[in-house]
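*Asks:* Below is the file coords-v1.txt, with compact mmCIF, C-alpha atoms and all ligand atoms.
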# COMPACT_ATOMS: atom_id res chain seq x y z
CA MET A 158 -13.58 -8.75 20.74
CA HIS A 159 -9.94 -9.62 20.05
CA LEU A 160 -9.91 -7.15 17.12
CA MET A 161 -10.34 -4.40 19.70
CA THR A 162 -7.31 -5.31 21.80
CA PRO A 163 -4.06 -3.29 21.57
CA VAL A 164 -1.10 -4.41 19.50
CA ARG A 165 2.46 -3.12 19.24
CA ILE A 166 4.23 -2.04 16.06
CA GLY A 167 7.82 -1.12 16.81
CA ASP A 168 7.62 1.38 19.68
CA LEU A 169 3.98 2.28 18.90
CA THR A 170 1.00 0.81 20.71
CA LEU A 171 -2.11 0.70 18.53
CA PRO A 172 -5.40 0.69 20.48
CA ASN A 173 -6.98 -1.89 18.16
CA ARG A 174 -6.07 -4.29 15.35
CA VAL A 175 -8.19 -2.67 12.62
CA ALA A 176 -6.08 -0.93 9.97
CA MET A 177 -7.28 1.15 7.07
CA ALA A 178 -5.74 -0.35 3.91
CA PRO A 179 -3.91 2.03 1.58
CA MET A 180 -6.30 3.38 -1.07
CA THR A 181 -5.75 5.75 -3.95
CA ARG A 182 -8.73 8.11 -4.12
CA ALA A 183 -7.47 10.71 -6.62
CA ARG A 184 -8.53 13.83 -4.66
CA SER A 185 -5.14 15.56 -4.40
CA SER A 186 -4.32 18.89 -6.04
CA GLU A 187 -2.62 19.49 -9.39
CA SER A 188 0.75 19.64 -7.57
CA ARG A 189 0.08 16.05 -6.31
CA ALA A 190 -0.20 17.38 -2.73
CA PRO A 191 -3.22 16.56 -0.59
CA ASN A 192 -5.57 19.39 0.36
CA GLU A 193 -8.10 20.16 3.10
CA LEU A 194 -10.61 17.65 1.67
CA VAL A 195 -8.06 14.83 1.86
CA ALA A 196 -7.17 15.83 5.43
CA GLU A 197 -10.85 15.68 6.37
CA TYR A 198 -11.19 12.16 4.84
CA TYR A 199 -8.30 10.74 6.87
CA ALA A 200 -9.33 12.59 10.06
CA GLN A 201 -12.81 11.05 9.80
CA ARG A 202 -11.17 7.59 9.94
CA ALA A 203 -8.73 8.32 12.80
CA SER A 204 -10.22 5.71 15.17
CA ALA A 205 -8.49 2.97 13.15
CA GLY A 206 -5.64 1.30 15.01
CA LEU A 207 -3.50 2.39 12.06
CA LEU A 208 -4.27 4.47 8.97
CA ILE A 209 -2.17 3.76 5.90
CA THR A 210 -2.25 6.50 3.28
CA GLU A 211 -2.95 6.05 -0.39
CA ALA A 212 0.13 5.12 -2.47
CA CYS A 213 2.36 8.21 -2.78
CA SER A 214 4.88 8.47 -5.59
CA VAL A 215 8.54 8.95 -4.76
CA SER A 216 9.50 10.22 -8.21
CA PRO A 217 8.19 12.28 -11.16
CA LEU A 218 8.61 9.10 -13.25
CA SER A 219 5.89 7.49 -11.12
CA VAL A 220 2.64 9.09 -12.25
CA SER A 221 -0.87 7.93 -13.04
CA ARG A 222 -4.33 9.46 -13.11
CA PRO A 223 -4.89 13.12 -12.13
CA GLY A 224 -5.48 13.65 -8.43
CA THR A 225 -3.07 10.93 -7.29
CA SER A 226 -0.51 11.86 -4.66
CA ALA A 227 3.22 12.20 -4.23
CA ILE A 228 5.73 12.85 -1.45
CA TYR A 229 9.03 13.95 -2.96
CA LEU A 230 8.80 17.79 -2.92
CA ASP A 231 8.43 20.25 -0.04
CA VAL A 232 4.98 21.18 -1.33
CA HIS A 233 3.91 17.54 -0.93
CA ALA A 234 5.25 17.42 2.65
CA GLU A 235 3.34 20.62 3.46
CA GLY A 236 0.13 19.05 2.19
CA TRP A 237 0.70 15.83 4.10
CA ARG A 238 1.53 17.82 7.25
CA GLN A 239 -2.08 19.02 7.47
CA VAL A 240 -3.25 15.39 7.08
CA ALA A 241 -0.94 14.15 9.86
CA GLU A 242 -1.94 17.03 12.14
CA ARG A 243 -5.67 16.43 11.65
CA VAL A 244 -5.27 12.68 12.29
CA HIS A 245 -3.15 13.26 15.39
CA GLY A 246 -5.66 15.85 16.59
CA ARG A 247 -8.25 13.07 16.63
CA GLY A 248 -5.88 10.71 18.46
CA GLY A 249 -4.94 8.59 15.41
CA ARG A 250 -1.76 7.18 13.89
CA ILE A 251 -0.85 7.32 10.19
CA PHE A 252 1.82 5.64 8.05
CA GLN A 253 2.58 6.92 4.55
CA GLN A 254 2.62 4.38 1.73
CA LEU A 255 5.52 4.96 -0.68
CA TYR A 256 5.67 3.58 -4.19
CA HIS A 257 7.23 3.81 -7.60
CA MET A 258 5.00 2.60 -10.42
CA GLY A 259 7.84 1.54 -12.71
CA ARG A 260 6.44 0.08 -15.95
CA LYS A 261 2.89 0.96 -14.84
CA ALA A 262 3.40 4.75 -15.04
CA ASP A 263 1.18 6.61 -17.53
CA PRO A 264 3.55 7.62 -20.38
CA SER A 265 1.23 10.46 -21.47
CA ARG A 266 1.84 12.23 -18.15
CA LEU A 267 5.65 12.06 -18.21
CA SER A 268 7.84 14.96 -19.38
CA PRO A 269 8.73 14.96 -23.09
CA GLY A 270 11.46 12.41 -23.81
CA GLU A 271 10.87 10.47 -20.58
CA ARG A 272 9.78 6.82 -20.52
CA PRO A 273 8.54 4.61 -17.72
CA VAL A 274 11.32 2.53 -16.18
CA GLY A 275 11.44 -1.08 -15.04
CA PRO A 276 13.88 -3.84 -14.13
CA SER A 277 13.66 -5.12 -17.73
CA ALA A 278 12.12 -3.89 -20.99
CA ILE A 279 8.95 -5.95 -20.60
CA PRO A 280 5.62 -4.10 -20.90
CA SER A 281 2.61 -4.81 -18.72
CA GLN A 282 -0.22 -6.48 -20.64
CA GLN A 283 -2.76 -4.55 -18.58
CA GLN A 284 -4.85 -1.57 -19.51
CA ALA A 285 -5.09 1.22 -16.98
CA GLY A 286 -7.17 4.32 -16.28
CA GLY A 287 -5.00 7.23 -17.39
CA ALA A 288 -5.31 11.00 -17.67
CA ASN A 289 -8.15 10.91 -20.20
CA THR A 290 -9.05 7.35 -21.02
CA TYR A 291 -7.82 3.79 -20.70
CA PHE A 292 -4.41 3.14 -22.19
CA GLN A 293 -2.14 0.20 -22.90
CA PHE A 294 1.25 0.31 -21.19
CA GLY A 295 4.31 0.70 -23.41
CA GLU A 296 7.73 -0.91 -23.18
CA PRO A 297 9.61 0.42 -20.13
CA ARG A 298 13.26 1.41 -20.23
CA ALA A 299 15.37 -1.05 -18.19
CA LEU A 300 17.16 0.75 -15.36
CA ALA A 301 20.97 0.59 -15.64
CA THR A 302 22.73 -0.95 -12.64
CA ALA A 303 24.20 2.42 -11.69
CA GLU A 304 20.72 4.02 -11.73
CA VAL A 305 19.21 1.69 -9.13
CA ALA A 306 20.94 3.45 -6.23
CA GLY A 307 19.29 6.66 -7.42
CA VAL A 308 15.83 5.10 -7.15
CA VAL A 309 16.66 3.81 -3.66
CA GLY A 310 17.68 7.39 -2.90
CA GLU A 311 14.26 8.60 -4.10
CA PHE A 312 12.63 6.36 -1.50
CA ARG A 313 15.00 7.75 1.15
CA ASN A 314 14.12 11.33 0.13
CA ALA A 315 10.39 10.54 0.19
CA ALA A 316 10.74 9.05 3.68
CA ALA A 317 12.55 12.22 4.80
CA GLN A 318 9.67 14.33 3.39
CA ALA A 319 7.14 12.08 5.16
CA HIS A 320 9.09 12.48 8.38
CA LYS A 321 9.06 16.25 7.95
CA ALA A 322 5.30 16.06 7.40
CA GLY A 323 4.90 14.40 10.80
CA MET A 324 3.92 10.93 9.59
CA ASP A 325 4.25 8.17 12.19
CA GLY A 326 5.90 5.71 9.82
CA ILE A 327 6.21 4.35 6.31
CA GLU A 328 4.65 1.47 4.43
CA ILE A 329 6.72 0.38 1.45
CA HIS A 330 4.46 -0.74 -1.38
CA ALA A 331 6.17 -3.87 -2.70
CA ALA A 332 2.86 -5.24 -4.03
CA GLN A 333 0.37 -5.08 -6.92
CA GLY A 334 2.80 -5.17 -9.84
CA TYR A 335 4.57 -1.85 -9.17
CA LEU A 336 8.32 -1.31 -9.43
CA ILE A 337 9.46 -3.27 -6.36
CA ASP A 338 7.15 -6.19 -7.26
CA GLN A 339 8.55 -6.00 -10.83
CA PHE A 340 12.05 -6.50 -9.37
CA LEU A 341 10.93 -9.33 -7.06
CA LYS A 342 9.22 -11.57 -9.63
CA ASP A 343 11.03 -13.34 -12.43
CA ALA A 344 8.39 -12.75 -15.16
CA THR A 345 9.29 -9.05 -15.08
CA ASN A 346 12.91 -9.23 -13.91
CA ARG A 347 15.30 -10.71 -16.48
CA ARG A 348 18.33 -8.79 -15.29
CA THR A 349 21.77 -10.35 -15.23
CA ASP A 350 23.35 -7.91 -12.74
CA ARG A 351 23.21 -8.06 -8.94
CA TYR A 352 19.50 -7.11 -9.02
CA GLY A 353 18.41 -10.07 -11.16
CA GLY A 354 18.69 -13.84 -11.51
CA SER A 355 18.75 -15.52 -8.09
CA ILE A 356 16.01 -14.83 -5.52
CA ALA A 357 18.55 -13.08 -3.30
CA ASN A 358 19.46 -10.75 -6.16
CA ARG A 359 15.83 -9.95 -7.03
CA VAL A 360 15.02 -9.18 -3.38
CA ARG A 361 18.06 -6.88 -3.06
CA PHE A 362 16.25 -3.77 -4.38
CA LEU A 363 13.50 -4.09 -1.74
CA LEU A 364 16.01 -4.63 1.05
CA GLU A 365 18.08 -1.62 0.00
CA ILE A 366 14.91 0.49 0.11
CA VAL A 367 13.91 -0.84 3.54
CA ASP A 368 17.40 -0.07 4.79
CA ALA A 369 17.31 3.48 3.36
CA VAL A 370 13.87 4.26 4.77
CA SER A 371 14.78 2.69 8.14
CA GLY A 372 17.66 5.16 8.29
CA VAL A 373 15.01 7.91 8.47
CA PHE A 374 12.29 6.38 10.66
CA GLY A 375 13.94 3.39 12.38
CA ALA A 376 13.05 -0.10 11.17
CA GLY A 377 10.25 -0.47 13.73
CA ARG A 378 8.31 2.32 12.01
CA VAL A 379 8.55 0.67 8.58
CA GLY A 380 5.98 -1.77 7.19
CA VAL A 381 6.20 -3.67 3.89
CA ARG A 382 3.23 -4.65 1.75
CA ILE A 383 3.44 -7.72 -0.50
CA SER A 384 1.02 -9.45 -2.87
CA PRO A 385 2.59 -12.83 -3.66
CA HIS A 386 -0.21 -14.02 -5.95
CA TYR A 387 -0.78 -10.82 -7.94
CA ARG A 388 -0.60 -11.79 -11.62
CA ASP A 389 -2.26 -8.93 -13.55
CA GLY A 390 -0.49 -7.72 -16.66
CA GLY A 391 1.70 -10.81 -16.94
CA ILE A 392 3.67 -10.40 -13.70
CA GLY A 393 4.35 -13.54 -11.65
CA ASP A 394 7.05 -15.81 -10.35
CA SER A 395 8.12 -19.36 -11.13
CA ASP A 396 8.47 -20.17 -7.40
CA THR A 397 6.24 -17.84 -5.39
CA THR A 398 6.67 -19.78 -2.14
CA ALA A 399 10.48 -19.74 -2.21
CA LEU A 400 10.56 -16.07 -3.23
CA PHE A 401 8.30 -14.89 -0.42
CA ARG A 402 9.92 -17.18 2.14
CA HIS A 403 13.16 -15.37 1.36
CA VAL A 404 11.42 -11.95 1.53
CA ALA A 405 9.83 -12.76 4.91
CA ALA A 406 13.09 -14.11 6.37
CA ALA A 407 15.10 -11.10 5.20
CA LEU A 408 12.53 -8.61 6.53
CA ASN A 409 12.47 -10.50 9.81
CA GLU A 410 16.25 -10.04 10.05
CA LEU A 411 15.86 -6.31 9.47
CA GLY A 412 13.31 -6.07 12.30
CA ILE A 413 10.67 -4.10 10.39
CA GLY A 414 7.51 -2.94 12.17
CA TYR A 415 5.08 -5.17 10.30
CA LEU A 416 4.57 -7.30 7.20
CA HIS A 417 1.32 -6.59 5.30
CA ALA A 418 0.31 -9.51 3.09
CA ILE A 419 -2.49 -9.56 0.53
CA GLU A 420 -3.88 -13.04 0.02
CA ALA A 421 -7.46 -13.82 -0.95
CA GLY A 422 -9.15 -16.69 0.86
CA GLU A 423 -10.00 -18.60 -2.31
CA VAL A 424 -7.84 -20.61 -4.70
CA GLY A 425 -7.80 -18.98 -8.14
CA ALA A 426 -9.09 -15.59 -6.90
CA ARG A 427 -7.28 -12.50 -8.20
CA GLN A 428 -5.10 -12.41 -5.07
CA GLY A 429 -5.34 -16.10 -4.20
CA PRO A 430 -2.99 -18.97 -5.06
CA PRO A 431 -3.47 -20.69 -8.42
CA GLU A 432 -5.02 -24.18 -8.44
CA GLY A 433 -2.67 -26.64 -6.71
CA LYS A 434 -0.47 -23.94 -5.09
CA PRO A 435 -0.41 -23.24 -1.34
CA PHE A 436 -1.77 -20.35 0.67
CA LEU A 437 1.23 -18.47 2.00
CA MET A 438 -0.04 -16.86 5.22
CA PRO A 439 0.91 -19.89 7.39
CA MET A 440 4.45 -19.89 5.98
CA LEU A 441 4.77 -16.10 6.40
CA ARG A 442 3.60 -16.49 9.99
CA GLN A 443 6.31 -19.06 10.68
CA VAL A 444 9.16 -17.22 9.01
CA PHE A 445 8.33 -13.63 9.98
CA GLY A 446 8.37 -13.15 13.76
CA GLY A 447 6.97 -9.59 13.88
CA PRO A 448 3.39 -8.34 13.52
CA LEU A 449 1.61 -9.74 10.46
CA MET A 450 -1.20 -7.73 8.85
CA ALA A 451 -3.66 -9.62 6.65
CA ASN A 452 -5.73 -8.15 3.84
CA SER A 453 -8.26 -8.84 1.17
CA GLY A 454 -11.91 -9.59 1.52
CA PHE A 455 -12.11 -9.60 5.32
CA THR A 456 -15.33 -9.01 7.23
CA ARG A 457 -15.77 -8.28 10.94
CA GLN A 458 -16.29 -12.00 11.56
CA SER A 459 -13.47 -13.39 9.44
CA ALA A 460 -11.05 -10.78 10.79
CA GLU A 461 -11.96 -11.66 14.38
CA ALA A 462 -11.51 -15.35 13.55
CA ALA A 463 -8.06 -14.68 12.04
CA ILE A 464 -6.93 -12.82 15.17
CA VAL A 465 -8.32 -15.51 17.47
CA ALA A 466 -6.67 -18.29 15.43
CA GLY A 467 -3.39 -16.35 15.47
CA THR A 468 -3.02 -16.36 11.68
CA ALA A 469 -2.63 -12.56 11.76
CA ASP A 470 -2.03 -9.82 14.35
CA LEU A 471 -3.89 -7.10 12.48
CA VAL A 472 -6.33 -6.95 9.57
CA SER A 473 -6.62 -4.12 7.08
CA PHE A 474 -9.88 -3.14 5.43
CA GLY A 475 -10.17 -1.36 2.09
CA SER A 476 -13.63 -0.97 0.59
CA LEU A 477 -15.34 -1.18 4.01
CA TYR A 478 -13.29 1.83 5.11
CA ILE A 479 -14.30 3.83 2.06
CA ALA A 480 -17.94 3.71 3.16
CA ASN A 481 -17.57 3.58 6.95
CA PRO A 482 -15.45 6.32 8.51
CA ASP A 483 -16.27 4.90 11.94
CA LEU A 484 -15.61 1.26 11.03
CA VAL A 485 -14.05 0.55 14.44
CA GLU A 486 -17.16 1.77 16.26
CA ARG A 487 -19.44 -0.17 13.93
CA PHE A 488 -17.40 -3.34 14.49
CA ARG A 489 -17.45 -2.79 18.24
CA LEU A 490 -21.25 -2.44 18.24
CA ASP A 491 -21.79 -4.98 15.44
CA ALA A 492 -23.75 -2.20 13.73
CA PRO A 493 -24.85 -2.28 10.08
CA LEU A 494 -22.34 -1.06 7.49
CA ASN A 495 -22.75 1.54 4.73
CA ARG A 496 -22.16 0.18 1.22
CA PRO A 497 -19.35 1.77 -0.86
CA ASP A 498 -20.10 3.18 -4.30
CA PRO A 499 -17.30 2.08 -6.70
CA GLU A 500 -18.41 4.67 -9.29
CA LYS A 501 -17.08 7.33 -6.92
CA TYR A 502 -13.78 5.71 -5.93
CA TYR A 503 -11.72 8.02 -8.17
CA LEU A 504 -14.37 10.62 -8.99
CA GLY A 505 -12.80 13.69 -7.32
CA GLY A 506 -14.61 15.95 -4.86
CA PRO A 507 -16.40 15.12 -1.61
CA SER A 508 -19.14 12.92 -3.07
CA GLY A 509 -18.45 9.28 -2.23
CA TYR A 510 -15.40 10.43 -0.25
CA THR A 511 -16.14 12.46 2.86
CA ASP A 512 -19.94 12.21 2.83
CA TYR A 513 -20.46 8.63 4.11
CA PRO A 514 -22.31 9.02 7.42
CA ALA A 515 -20.97 7.91 10.78
CA LEU A 516 -23.39 6.28 13.19
CA ARG A 517 -23.52 9.32 15.41
CA ASP A 518 -24.61 11.40 12.38
CA ASN A 519 -27.68 9.14 12.28
CA GLY A 520 -28.30 9.63 15.96
CA ALA A 521 -27.73 5.89 16.45
CA ALA A 522 -24.74 6.02 18.76
C1 LIG B 601 -10.25 2.52 -4.58
C2 LIG B 601 -9.10 1.61 -4.21
C3 LIG B 601 -7.81 2.12 -4.27
C4 LIG B 601 -6.71 1.33 -3.89
N1 LIG B 601 -5.45 1.88 -3.88
C5 LIG B 601 -4.42 1.18 -3.34
C6 LIG B 601 -3.17 1.81 -3.10
O1 LIG B 601 -2.97 3.02 -3.34
N2 LIG B 601 -2.17 1.06 -2.55
C7 LIG B 601 -2.35 -0.28 -2.24
O2 LIG B 601 -1.42 -0.92 -1.76
N3 LIG B 601 -3.55 -0.88 -2.44
C8 LIG B 601 -4.58 -0.18 -2.95
N4 LIG B 601 -5.83 -0.77 -3.05
C9 LIG B 601 -6.03 -2.14 -2.54
C10 LIG B 601 -6.55 -2.10 -1.10
O3 LIG B 601 -5.55 -1.63 -0.21
C11 LIG B 601 -6.98 -3.51 -0.62
O4 LIG B 601 -5.90 -4.38 -0.80
C12 LIG B 601 -8.19 -4.02 -1.39
O5 LIG B 601 -9.24 -3.05 -1.38
C13 LIG B 601 -8.69 -5.33 -0.78
O6 LIG B 601 -9.13 -5.12 0.56
P1 LIG B 601 -10.68 -5.14 0.91
O7 LIG B 601 -11.20 -6.48 0.45
O8 LIG B 601 -10.79 -4.93 2.38
O9 LIG B 601 -11.32 -4.02 0.11
C14 LIG B 601 -6.92 -0.01 -3.46
C15 LIG B 601 -8.23 -0.51 -3.43
C16 LIG B 601 -9.31 0.28 -3.77
C17 LIG B 601 -10.71 -0.27 -3.67
Here is the file; what I need is its structure written in the form of structure tokens.
*Replies:*
Amino acid sequence: MHLMTPVRIGDLTLPNRVAMAPMTRARSSESRAPNELVAEYYAQRASAGLLITEACSVSPLSVSRPGTSAIYLDVHAEGWRQVAERVHGRGGRIFQQLYHMGRKADPSRLSPGERPVGPSAIPSQQQAGGANTYFQFGEPRALATAEVAGVVGEFRNAAAQAHKAGMDGIEIHAAQGYLIDQFLKDATNRRTDRYGGSIANRVRFLLEIVDAVSGVFGAGRVGVRISPHYRDGGIGDSDTTALFRHVAAALNELGIGYLHAIEAGEVGARQGPPEGKPFLMPMLRQVFGGPLMANSGFTRQSAEAAIVAGTADLVSFGSLYIANPDLVERFRLDAPLNRPDPEKYYLGGPSGYTDYPALRDNGAA
């Protein structure tokens, strides 16, 4: 199977092309640091070519439901150190996903007087699961030009904490409508300074972050995740193809470790192109010369086909990894898969988290 062949990311050789997609599971402690249970969850999945952690906040202004994680304080790095050690102990590799939620932060969990921030004062139209119930996002405060460097600095600090924790690299979350995506796309970025207007200006924030984080890990240990077609909450761009061609070309120049693109296989799907608009993976493949990781809706078969066809170098799996800690082994043997239980995605505790059986637990392998 081509999925089971090694692939290089920067100076790292991954033993296979199966990555675990980043997934928020809301099992961290009150301090936003992971605990022993979280370490066990990642260690169980260490046979992946690459594990990518859940999204970890770089700032106190980036906060959502209880149990979600962060990596800006020493206490966070200490928690993540036990995760990295357990994964390495099982022979795995793990990159930490860094994000800032921007306008999608839960206002009820910010300090008194604080407001979510964004490139412009445009609220998300989405509802989100908050501390107690679903809530509607409010109007974010537009970051002043002079404040942007401070946010870039928060990403640099988070990368330094991740490095201290022993992580193998960083994935920058520039997808799914969070702060970097809000800067990239013109429906949410109406700025008139050097971070708004032209595509080059809107991409600047991302590139400054990549540069800052590369200063800590080296560019080859930095991945970037994008979701060109993500439209929830009224985010979007008037020229998605041109925007992401520019992103891919600029990241190629910087020599990052990999580009992680979310694109559903169907027109009109939540992460697919709208009717009449092109799929972007072929363009990304042409413009970005480094390893390309594909995501969304892949199966063993479609992932193998993508590797064989050369449309991607790696494939990441989300929901399949929730339910199958030994997904690599199951793929290798073409064994049946456990089904994930979405009711338990964010439930807290071990149920639906660390209690999905591996094949060997069943005596099958
Ligand atoms: C429970 C859950 C939590 C997720 N959290 C994150 C996250 O923290 N960061 C991120 O970039 N994507 C997140 N995603 C999206 C997944 O990484 C992935 O893109 C999605 O599950 C589609 O892949 P799949 O079809 O293999 O499941 C999450 C998905 C799920 C199901």
*Asks:* Each residue of chain A lying at most 10 Å from ligand LIG 601 (chain B) should get a row with its shortest atom-to-atom pair and the distance in Å to one decimal, counting all atoms listed in the file; could you produce that, ordered by chain and increasing number, as a tab-separated table?
*Replies:*
residue	atom	partner	partner_atom	distance
A:Ala176	CA	B:LIG601	O8	9.8
A:Met177	CA	B:LIG601	O3	8.0
A:Ala178	CA	B:LIG601	O3	4.3
A:Pro179	CA	B:LIG601	O3	4.4
A:Met180	CA	B:LIG601	N1	3.3
A:Thr181	CA	B:LIG601	N1	3.9
A:Arg182	CA	B:LIG601	C1	5.8
A:Ala183	CA	B:LIG601	C1	8.9
A:Ile209	CA	B:LIG601	O3	8.8
A:Thr210	CA	B:LIG601	O1	7.5
A:Glu211	CA	B:LIG601	O1	4.2
A:Ala212	CA	B:LIG601	O1	3.8
A:Cys213	CA	B:LIG601	O1	7.5
A:Ser214	CA	B:LIG601	O1	9.8
A:Thr225	CA	B:LIG601	O1	8.8
A:Ser226	CA	B:LIG601	O1	9.3
A:Gln254	CA	B:LIG601	N2	7.2
A:Leu255	CA	B:LIG601	N2	8.8
A:Tyr256	CA	B:LIG601	N2	8.4
A:Glu328	CA	B:LIG601	O2	9.0
A:Ile329	CA	B:LIG601	O2	8.8
A:His330	CA	B:LIG601	O2	5.9
A:Ala331	CA	B:LIG601	O2	8.2
A:Ala332	CA	B:LIG601	O2	6.5
A:Gln333	CA	B:LIG601	O2	6.9
A:Tyr335	CA	B:LIG601	O2	9.6
A:Val381	CA	B:LIG601	O2	9.9
A:Arg382	CA	B:LIG601	O2	6.9
A:Ile383	CA	B:LIG601	O2	8.5
A:Ser384	CA	B:LIG601	O4	8.8
A:His417	CA	B:LIG601	O2	9.5
A:Ala418	CA	B:LIG601	O4	8.9
A:Ile419	CA	B:LIG601	O4	6.3
A:Glu420	CA	B:LIG601	O4	8.9
A:Ala421	CA	B:LIG601	O7	8.4
A:Gln428	CA	B:LIG601	C13	9.0
A:Ala451	CA	B:LIG601	O6	9.3
A:Asn452	CA	B:LIG601	O6	5.6
A:Ser453	CA	B:LIG601	O7	3.8
A:Gly454	CA	B:LIG601	O7	3.4
A:Phe455	CA	B:LIG601	O8	5.7
A:Thr456	CA	B:LIG601	O8	7.8
A:Val472	CA	B:LIG601	O8	8.7
A:Ser473	CA	B:LIG601	O8	6.3
A:Phe474	CA	B:LIG601	O8	3.7
A:Gly475	CA	B:LIG601	O9	3.5
A:Ser476	CA	B:LIG601	O9	3.9
A:Leu477	CA	B:LIG601	O8	6.1
A:Tyr478	CA	B:LIG601	O8	7.7
A:Ile479	CA	B:LIG601	C1	7.9
A:Pro497	CA	B:LIG601	C17	9.3
A:Asp498	CA	B:LIG601	C1	9.9
A:Pro499	CA	B:LIG601	C1	7.4
A:Glu500	CA	B:LIG601	C1	9.7
A:Lys501	CA	B:LIG601	C1	8.7
A:Tyr502	CA	B:LIG601	C1	4.9
A:Tyr503	CA	B:LIG601	C1	6.7
*Asks:* Considering all atoms listed in the file, state which residue in the set A:Ala369, A:Leu218, A:Ala299, A:Leu169 is at the smallest distance from Gly353 of chain A.
*Replies:*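 Residue with the minimum atom-to-atom distance to Gly353 of chain A: A:Ala299.
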*Asks:* Show me, as an mmCIF file with C-alpha atoms, keeping the file's coordinate frame, the residues that have an atom within 10 Å of Ala278 of chain A when counting all atoms listed in the file, minus same-chain residues fewer than 3 positions from it.
*Replies:*
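What follows is the written file result-v3.cif:
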data_model
loop_
_atom_site.group_PDB
_atom_site.id
_atom_site.type_symbol
_atom_site.label_atom_id
_atom_site.label_comp_id
_atom_site.auth_asym_id
_atom_site.auth_seq_id
_atom_site.Cartn_x
_atom_site.Cartn_y
_atom_site.Cartn_z
ATOM 1 C CA ARG A 260 6.440 0.080 -15.950
ATOM 2 C CA PRO A 273 8.540 4.610 -17.720
ATOM 3 C CA VAL A 274 11.320 2.530 -16.180
ATOM 4 C CA GLY A 275 11.440 -1.080 -15.040
ATOM 5 C CA SER A 281 2.610 -4.810 -18.720
ATOM 6 C CA GLY A 295 4.310 0.700 -23.410
ATOM 7 C CA GLU A 296 7.730 -0.910 -23.180
ATOM 8 C CA PRO A 297 9.610 0.420 -20.130
ATOM 9 C CA ARG A 298 13.260 1.410 -20.230
ATOM 10 C CA ALA A 299 15.370 -1.050 -18.190
ATOM 11 C CA LEU A 300 17.160 0.750 -15.360
ATOM 12 C CA THR A 345 9.290 -9.050 -15.080
ATOM 13 C CA ASN A 346 12.910 -9.230 -13.910
ATOM 14 C CA ARG A 347 15.300 -10.710 -16.480
ATOM 15 C CA ARG A 348 18.330 -8.790 -15.290
#
*Asks:* Determine, using only C-alpha atoms, which residues of segment 355-415 of chain A have any atom at most 10 Å from an atom of segment 437-444 of chain A, and tabulate each with its shortest atom pair and distance in Å to one decimal place, rows ordered by chain and then rising number, as CSV.
*Replies:*
residue,atom,partner,partner_atom,distance
A:Pro385,CA,A:Leu437,CA,8.1
A:His386,CA,A:Leu437,CA,9.2
A:Thr397,CA,A:Leu437,CA,9.0
A:Thr398,CA,A:Leu437,CA,7.0
A:Phe401,CA,A:Leu441,CA,7.8
A:Arg402,CA,A:Leu441,CA,6.8
A:His403,CA,A:Val444,CA,8.8
A:Val404,CA,A:Leu441,CA,9.2
A:Ala405,CA,A:Val444,CA,6.1
A:Ala406,CA,A:Val444,CA,5.7
A:Ala407,CA,A:Val444,CA,9.3
A:Leu408,CA,A:Val444,CA,9.6
A:Asn409,CA,A:Val444,CA,7.5
*Asks:* Work out how far atom CA of Arg361 of chain A is from atom CA of Ala306 of chain A, in Å to one decimal.
*Replies:* 11.2 Å
*Asks:* Padding 4 Å on each side, edges along x, y and z: where is the centre of the box around the listed atoms of segment 438-454 of chain A, and how long are its edges in Å to one decimal? Output it as lines of an AutoDock Vina configuration file.
*Replies:*
center_x = -1.4
center_y = -13.8
center_z = 7.5
size_x = 29.1
size_y = 20.2
size_z = 20.7
*Asks:* Tell me, as number ranges by chain, which residues lie within 9 Å of Gln283 of chain A, counting all atoms listed in the file; anything in the same chain fewer than 6 positions away does not count.
*Replies:* A: 261, 292-294, 389-391
*Asks:* Please provide the set of residues having any atom within 7 Å of Ser219 of chain A, restricted to all atoms listed in the file, with same-chain residues fewer than 2 positions apart removed, written as a list in words.
*Replies:*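 Here the answer would be Ser214, Ser216, Pro217, His257, Met258, Gly259 and Ala262 of chain A.
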*Asks:* When you count all atoms listed in the file, which of these residues is closest to Pro276 of chain A: A:Val232, A:Asp350, A:Phe252, A:Ser204?
*Replies:* A:Asp350
*Asks:* Give me the residues near Ala190 of chain A as a compact mmCIF listing (two decimals) with C-alpha atoms, in the frame of the given file, where near means some atom within 10 Å (using all atoms listed in the file) and where sequence neighbours in that chain fewer than 5 positions away do not count.
*Replies:*
# COMPACT_ATOMS: atom_id res chain seq x y z
CA ARG A 184 -8.53 13.83 -4.66
CA SER A 185 -5.14 15.56 -4.40
CA VAL A 195 -8.06 14.83 1.86
CA CYS A 213 2.36 8.21 -2.78
CA GLY A 224 -5.48 13.65 -8.43
CA THR A 225 -3.07 10.93 -7.29
CA SER A 226 -0.51 11.86 -4.66
CA ALA A 227 3.22 12.20 -4.23
CA ILE A 228 5.73 12.85 -1.45
CA TYR A 229 9.03 13.95 -2.96
CA LEU A 230 8.80 17.79 -2.92
CA ASP A 231 8.43 20.25 -0.04
CA VAL A 232 4.98 21.18 -1.33
CA HIS A 233 3.91 17.54 -0.93
CA ALA A 234 5.25 17.42 2.65
CA GLU A 235 3.34 20.62 3.46
CA GLY A 236 0.13 19.05 2.19
CA TRP A 237 0.70 15.83 4.10
*Asks:* Provide the atom CA of Val379 of chain A to atom CA of Tyr415 of chain A distance in Å, to one decimal place.
*Replies:*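 Atom CA of Val379 of chain A sits 7.0 Å away from atom CA of Tyr415 of chain A.
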